[in-house]
Each structure stands twice: as C-alpha cells, then as structure tokens.
Amino acid sequence: MKKLLVCMLMLAMLGSVLFAAGSSERQPAQQQKSEMILGTAGTAGTYYVVGAAMGASVNKNSNTLNVVVQPTKGSMENLNLANANEIQLGFSNSDGVYWAATGTGIFAKSGKLNIKAVMNLYRSQAQMVTLKKSGIKTYGDLKGKKVNLGPSGQTIVEVSKSVLRAYGIDPEKDITPFYLAVDEGLGKLKDGEIDASFFVAAAPTAGVVNIASNTDTLLVDIDKAILDKLTSDFPFYGKGVISAGTYKGQDQDVNVVEMVTEIFASSKASEAAVYEFVKQALETQPQYVNAHVSIQEIQPEFASKTVTELHPGALKYYKEKGLR
C-alpha cells in the first residue's frame with residue numbers, strides 16, 4: 001500500500017511539473033523593463049510637456065524600456081545630474097550640451113562632464129523684446145539700459161551676453177543686468193521697470209503673445225553681419241528668422257540667433273536602453289505629435305545631426321537608418 005501511495009504521489013508531482021512547463025510555453029513570463037530617468041524642467045515649460053508626451057509613448061510601445069519623466073530646474077541641473085548618473089537622459093539647449101561635452105564655456109573651470117548627445121528635437125529663437133516707445137531699435141541701443149539677460153544659472157544668459165559682446169557692449173558694465181525668468185522679465189518690461197527682456201523659446205512664445213496683445217512691443221533685430229560672426233564663432237548657434245506677423249504689431253521679419261533643444265545622455269547610460277529610447281521616440285512620433293507644436297520638428301534626419309559626439313546607443317540607431 002505504501003509503495004502504491006508513493007508511486008501515485010510521484011506521478012502527481014511529475015504531472016504538475018509537466019503542466020507548469022506546458023503553461024510556461026503557452027504563456028511566457030513578461031520581460032522586466034529597464035528604467036531610465038529623463039530630466040526636463042518645470043511642469044509649465046515646453047521641456048516637460050514634450051518630455052512627458054515622448055516618455056508616455058516610449059513606455060506604451062517598448063517591451064524593454066520604461067522612462068520616468070522627472071521635473072527639474074532645467075538644463076544646467078540636468079547636465080549635472082547626468083554627469084553624476086542620477087538621471088540617464090536630459091533636456092538642454094545645444095550650447096549647454098556642447099560646453100559640457102567639451103569642457104568649454106561655462107564648464108571651462110569644472111571641465112568635461114560625462115555626457116553624450118542623443119537627439120536634436122526642435123529649434124528655439126533667441127528673442128529680445130522691448131517696447132516701441134523705448135526708442136531701442138538694435139542691440140547697440142541697449143547700452144546704458146536696464147536689460148533682463150535671462151534666468152540666473154541658465155545657458156540663456158550666455159547667449160544674451162554673446163550677442164551683446166558682439167556689439168561691443170560689456171554685459172556687466174555697459175548695461176544694468178537683470179536675471180529673470182521669461183514671465184517675470186516680460187512683466188517688468190510691461191510695467192516699465194526694465195527696458196528690454198531676453199529669452200530663448202520657440203516662437204510664437206505665449207508670454208510675448210500676451211504682452212503684445214495690449215502693449216506696443218518690438219522684437220530687436222540682429223544685424224546680419226553680427227549674426228554671421230556669431231554662427232561662425234559658435235557652432236551651436238544658427239541663423240533664424242521670426243516672420244512678420246508672428247506677433248501682433250510685428251510688421252517685418254526679425255533676424256535672430258537660433259538654438260536647438262536636444263536630449264543628451266549620461267555616458268554611463270546603457271547602450272541598449274539609449275538605442276531603444278531613440279527608436280521608440282522617433283518611430284512613434286505620430287502618436288504624440290499633437291501634445292505640442294514643437295514636436296512636429298522631431299524627425300530622424302534632424303535628430304541625428306547633433307553638434308557633439310553621440311552616445312553609442314543613439315549612433316547605432318542612426319547608422320542602421322543610414323543617417324550617420
């Protein structure tokens with residue numbers, strides 16, 4: 001009787017094992033996704049809106065990657081967090097990525113950061129706004145004026161200073177500098193507390209649209225010779241034009257410095273994960289394109305043409321597509 005019971009028990013156990021094996025073949029275990037943190041900026045800004053839409057699309061379509069979209073203080077914090085590998089991906093304008101990757105500009109003292117380029121996203125315009133009654137027509141007219149150069153600690157300040165220096169204006173001595181965010185700068189301009197305000201954003205920019213709706217404003221034009229010199233001296237600057245009619249009361253085209261917003265990665269980020277991120281971010285773009293008008297510019301050809309060295313994972317994808 002004992003032998004019979006033992007045999008029955010062994011058969012039952014064998015049947016359970018075979019059943020489990022068969023079930024495993026029919027229903028394979030779900031693959032665990034790797035995780036990457038994407039640093040953006042404040043939740044009201046374009047970085048976060050675009051990053052959140054892109055991250056959601058990657059997560060929906062990828063079987064191997066999960067992107068956690070993290071609000072931050074912006075490009076400078078993103079670059080430093082990626083250098084420490086506390087985030088694996090981040091948003092910045094191309095000047096910040098270039099300086100960090102080469103140890104130049106604002107990173108000349110600290111040296112190179114451990115970051116690599118991943119993909120260009122969209123273009124933004126460097127805009128200097130004043131009131132028509134100010135009498136300011138060109139950047140040269142800003143000498144002796146109260147000028148907002150952009151938020152302290154951000155690469156935007158370096159852009160405004162570069163333009164002023166190209167006009168022979170010392171941004172520390174020849175003007176009274178202010179370091180304010182976009183909305184605060186435009187508010188003080190409207191109230192007459194400053195004479196001009198500088199920022200970098202895709203045009204049309206909501207803050208300027210609002211102030212131009214009930215105040216006579218003027219976009220300050222950059223002389224073409226100055227623009228040629230700036231784009232020659234700094235590879236991350238481009239030539240842009242804000243077309244007439246972009247803002248109320250703007251009756252002519254305005255020449256501006258143009259910047260590219262891009263995503264970069266920590267040098268320590270996984271090659272496979274970066275490859276998957278780029279693949280899904282580009283190939284599923286139609287699924288999130290309506291989240292923000294800037295997303296329309298996210299295209300493989302443009303994405304691949306970064307100024308600084310690409311992360312191996314991004315380079316692998318672009319090579320597969322014949323883009324590099």
# chains A, B, ... in the order shown; residues from 1 in each chain; ligands from 1

$ residues_around --residues "Lys73 (chain A)" --least-positions-apart "6" --cutoff "10 Å" --atoms "only C-alpha atoms" --output "PyMOL selection string"
chain A and resi 39-43+153-154

$ atom_distance --atom1 "CA of Val118 (chain A)" --atom2 "CA of Val200 (chain A)"
21.1 Å

$ closest_residue --among "A:Val307, A:Ala126, A:Leu164, A:Ile136" --to "Val257 (chain A)" --atoms "only C-alpha atoms"
A:Ala126

$ atom_distance --atom1 "CA of Ala82 (chain A)" --atom2 "CA of Ala273 (chain A)"
15.0 Å

$ atom_distance --atom1 "CA of Asn290 (chain A)" --atom2 "CA of Pro204 (chain A)"
16.6 Å

$ residues_around --residues "Gln252 (chain A)" --least-positions-apart "2" --cutoff "10 Å" --atoms "only C-alpha atoms" --output "PyMOL selection string"
chain A and resi 219+221+242-246+249-250+254-255

$ write_last_selection --atoms "all heavy atoms" --output "CSV table (one decimal), in the first residue's frame"
chain,number,residue,atom,x,y,z
A,219,LEU,N,10.4,93.4,-31.4
A,219,LEU,CA,11.4,92.4,-31.3
A,219,LEU,C,12.7,93.1,-31.9
A,219,LEU,O,12.6,93.7,-33.0
A,219,LEU,CB,11.1,91.2,-32.2
A,219,LEU,CG,10.1,90.2,-31.6
A,219,LEU,CD1,10.0,89.0,-32.6
A,219,LEU,CD2,10.6,89.6,-30.3
A,221,ASP,N,16.1,93.3,-33.7
A,221,ASP,CA,16.7,92.6,-34.9
A,221,ASP,C,18.2,92.5,-34.7
A,221,ASP,O,18.8,93.4,-34.1
A,221,ASP,CB,16.4,93.3,-36.2
A,221,ASP,CG,16.9,92.6,-37.4
A,221,ASP,OD1,16.2,91.6,-37.8
A,221,ASP,OD2,18.0,93.0,-37.9
A,242,ILE,N,12.3,85.3,-37.4
A,242,ILE,CA,10.9,85.3,-36.9
A,242,ILE,C,10.1,86.1,-37.9
A,242,ILE,O,10.3,87.3,-38.0
A,242,ILE,CB,10.8,85.9,-35.5
A,242,ILE,CG1,11.6,85.0,-34.5
A,242,ILE,CG2,9.3,85.9,-35.0
A,242,ILE,CD1,11.6,85.6,-33.1
A,243,SER,N,9.2,85.4,-38.6
A,243,SER,CA,8.5,86.0,-39.7
A,243,SER,C,7.6,87.1,-39.3
A,243,SER,O,7.0,87.1,-38.2
A,243,SER,CB,7.7,85.0,-40.5
A,243,SER,OG,8.5,84.0,-40.9
A,244,ALA,N,7.4,88.1,-40.1
A,244,ALA,CA,6.5,89.2,-39.9
A,244,ALA,C,5.1,88.7,-39.6
A,244,ALA,O,4.7,87.7,-40.2
A,244,ALA,CB,6.4,90.1,-41.1
A,245,GLY,N,4.4,89.3,-38.6
A,245,GLY,CA,3.1,88.8,-38.3
A,245,GLY,C,3.1,87.7,-37.2
A,245,GLY,O,2.0,87.3,-36.8
A,246,THR,N,4.2,87.3,-36.8
A,246,THR,CA,4.2,86.2,-35.7
A,246,THR,C,3.6,86.8,-34.4
A,246,THR,O,2.9,86.1,-33.7
A,246,THR,CB,5.7,85.8,-35.4
A,246,THR,OG1,6.2,85.2,-36.6
A,246,THR,CG2,5.7,84.8,-34.3
A,249,GLY,N,1.5,93.5,-34.2
A,249,GLY,CA,2.3,94.7,-34.4
A,249,GLY,C,3.7,94.5,-35.0
A,249,GLY,O,4.4,95.4,-35.2
A,250,GLN,N,4.0,93.2,-35.2
A,250,GLN,CA,5.3,92.9,-35.9
A,250,GLN,C,5.1,92.9,-37.4
A,250,GLN,O,4.6,92.0,-38.0
A,250,GLN,CB,5.8,91.5,-35.4
A,250,GLN,CG,7.2,91.2,-36.0
A,250,GLN,CD,7.5,89.7,-35.9
A,250,GLN,OE1,6.9,88.9,-35.2
A,250,GLN,NE2,8.5,89.2,-36.7
A,254,VAL,N,12.3,89.4,-38.5
A,254,VAL,CA,13.3,89.8,-37.5
A,254,VAL,C,14.4,88.7,-37.5
A,254,VAL,O,14.1,87.5,-37.3
A,254,VAL,CB,12.7,90.0,-36.1
A,254,VAL,CG1,13.8,90.2,-35.0
A,254,VAL,CG2,11.7,91.1,-36.1
A,255,ASN,N,15.7,89.1,-37.7
A,255,ASN,CA,16.8,88.1,-37.6
A,255,ASN,C,17.1,87.8,-36.2
A,255,ASN,O,17.2,88.7,-35.4
A,255,ASN,CB,18.0,88.7,-38.4
A,255,ASN,CG,17.7,88.9,-39.9
A,255,ASN,OD1,17.5,87.9,-40.6
A,255,ASN,ND2,17.8,90.1,-40.3

$ decode --residues "region 255-272 of chain A" --atoms "N, CA, C and O atoms" --output "mmCIF file, in the first residue's frame"
data_model
loop_
_atom_site.group_PDB
_atom_site.id
_atom_site.type_symbol
_atom_site.label_atom_id
_atom_site.label_comp_id
_atom_site.auth_asym_id
_atom_site.auth_seq_id
_atom_site.Cartn_x
_atom_site.Cartn_y
_atom_site.Cartn_z
ATOM 1 N N ASN A 255 15.665 89.053 -37.698
ATOM 2 C CA ASN A 255 16.772 88.102 -37.645
ATOM 3 C C ASN A 255 17.140 87.812 -36.196
ATOM 4 O O ASN A 255 17.245 88.742 -35.377
ATOM 5 N N VAL A 256 17.339 86.531 -35.890
ATOM 6 C CA VAL A 256 17.655 86.126 -34.517
ATOM 7 C C VAL A 256 18.673 84.989 -34.518
ATOM 8 O O VAL A 256 18.858 84.303 -35.530
ATOM 9 N N VAL A 257 19.309 84.807 -33.371
ATOM 10 C CA VAL A 257 20.102 83.599 -33.135
ATOM 11 C C VAL A 257 19.133 82.464 -32.874
ATOM 12 O O VAL A 257 18.133 82.631 -32.168
ATOM 13 N N GLU A 258 19.409 81.332 -33.464
ATOM 14 C CA GLU A 258 18.539 80.167 -33.277
ATOM 15 C C GLU A 258 19.302 79.088 -32.516
ATOM 16 O O GLU A 258 20.497 78.875 -32.732
ATOM 17 N N MET A 259 18.605 78.426 -31.617
ATOM 18 C CA MET A 259 19.192 77.349 -30.811
ATOM 19 C C MET A 259 18.408 76.062 -31.061
ATOM 20 O O MET A 259 17.242 76.098 -31.433
ATOM 21 N N VAL A 260 19.064 74.942 -30.830
ATOM 22 C CA VAL A 260 18.395 73.646 -30.935
ATOM 23 C C VAL A 260 18.233 73.059 -29.539
ATOM 24 O O VAL A 260 19.190 73.018 -28.760
ATOM 25 N N THR A 261 17.023 72.654 -29.216
ATOM 26 C CA THR A 261 16.792 71.892 -27.989
ATOM 27 C C THR A 261 17.077 70.433 -28.292
ATOM 28 O O THR A 261 16.650 69.914 -29.327
ATOM 29 N N GLU A 262 17.815 69.779 -27.406
ATOM 30 C CA GLU A 262 18.153 68.380 -27.650
ATOM 31 C C GLU A 262 18.077 67.557 -26.376
ATOM 32 O O GLU A 262 17.969 68.097 -25.270
ATOM 33 N N ILE A 263 18.127 66.254 -26.560
ATOM 34 C CA ILE A 263 18.219 65.320 -25.444
ATOM 35 C C ILE A 263 19.618 64.732 -25.445
ATOM 36 O O ILE A 263 20.154 64.371 -26.494
ATOM 37 N N PHE A 264 20.221 64.683 -24.274
ATOM 38 C CA PHE A 264 21.542 64.094 -24.111
ATOM 39 C C PHE A 264 21.442 62.955 -23.095
ATOM 40 O O PHE A 264 20.394 62.752 -22.471
ATOM 41 N N ALA A 265 22.531 62.207 -22.938
ATOM 42 C CA ALA A 265 22.529 61.066 -22.015
ATOM 43 C C ALA A 265 23.770 61.074 -21.147
ATOM 44 O O ALA A 265 24.815 61.623 -21.532
ATOM 45 N N SER A 266 23.675 60.464 -20.000
ATOM 46 C CA SER A 266 24.857 60.168 -19.209
ATOM 47 C C SER A 266 25.728 59.201 -20.001
ATOM 48 O O SER A 266 25.221 58.295 -20.665
ATOM 49 N N SER A 267 27.031 59.390 -19.953
ATOM 50 C CA SER A 267 27.941 58.476 -20.657
ATOM 51 C C SER A 267 27.806 57.051 -20.145
ATOM 52 O O SER A 267 28.142 56.090 -20.844
ATOM 53 N N LYS A 268 27.308 56.919 -18.914
ATOM 54 C CA LYS A 268 27.162 55.597 -18.304
ATOM 55 C C LYS A 268 25.829 54.927 -18.656
ATOM 56 O O LYS A 268 25.601 53.772 -18.276
ATOM 57 N N ALA A 269 24.970 55.622 -19.350
ATOM 58 C CA ALA A 269 23.669 55.046 -19.713
ATOM 59 C C ALA A 269 23.860 53.845 -20.633
ATOM 60 O O ALA A 269 24.740 53.830 -21.492
ATOM 61 N N SER A 270 23.022 52.843 -20.461
ATOM 62 C CA SER A 270 23.100 51.607 -21.237
ATOM 63 C C SER A 270 22.941 51.863 -22.729
ATOM 64 O O SER A 270 22.037 52.594 -23.155
ATOM 65 N N GLU A 271 23.821 51.255 -23.534
ATOM 66 C CA GLU A 271 23.733 51.398 -24.985
ATOM 67 C C GLU A 271 22.406 50.863 -25.507
ATOM 68 O O GLU A 271 21.753 51.485 -26.347
ATOM 69 N N ALA A 272 21.991 49.712 -24.980
ATOM 70 C CA ALA A 272 20.738 49.106 -25.434
ATOM 71 C C ALA A 272 19.539 49.983 -25.073
ATOM 72 O O ALA A 272 18.601 50.134 -25.868
#
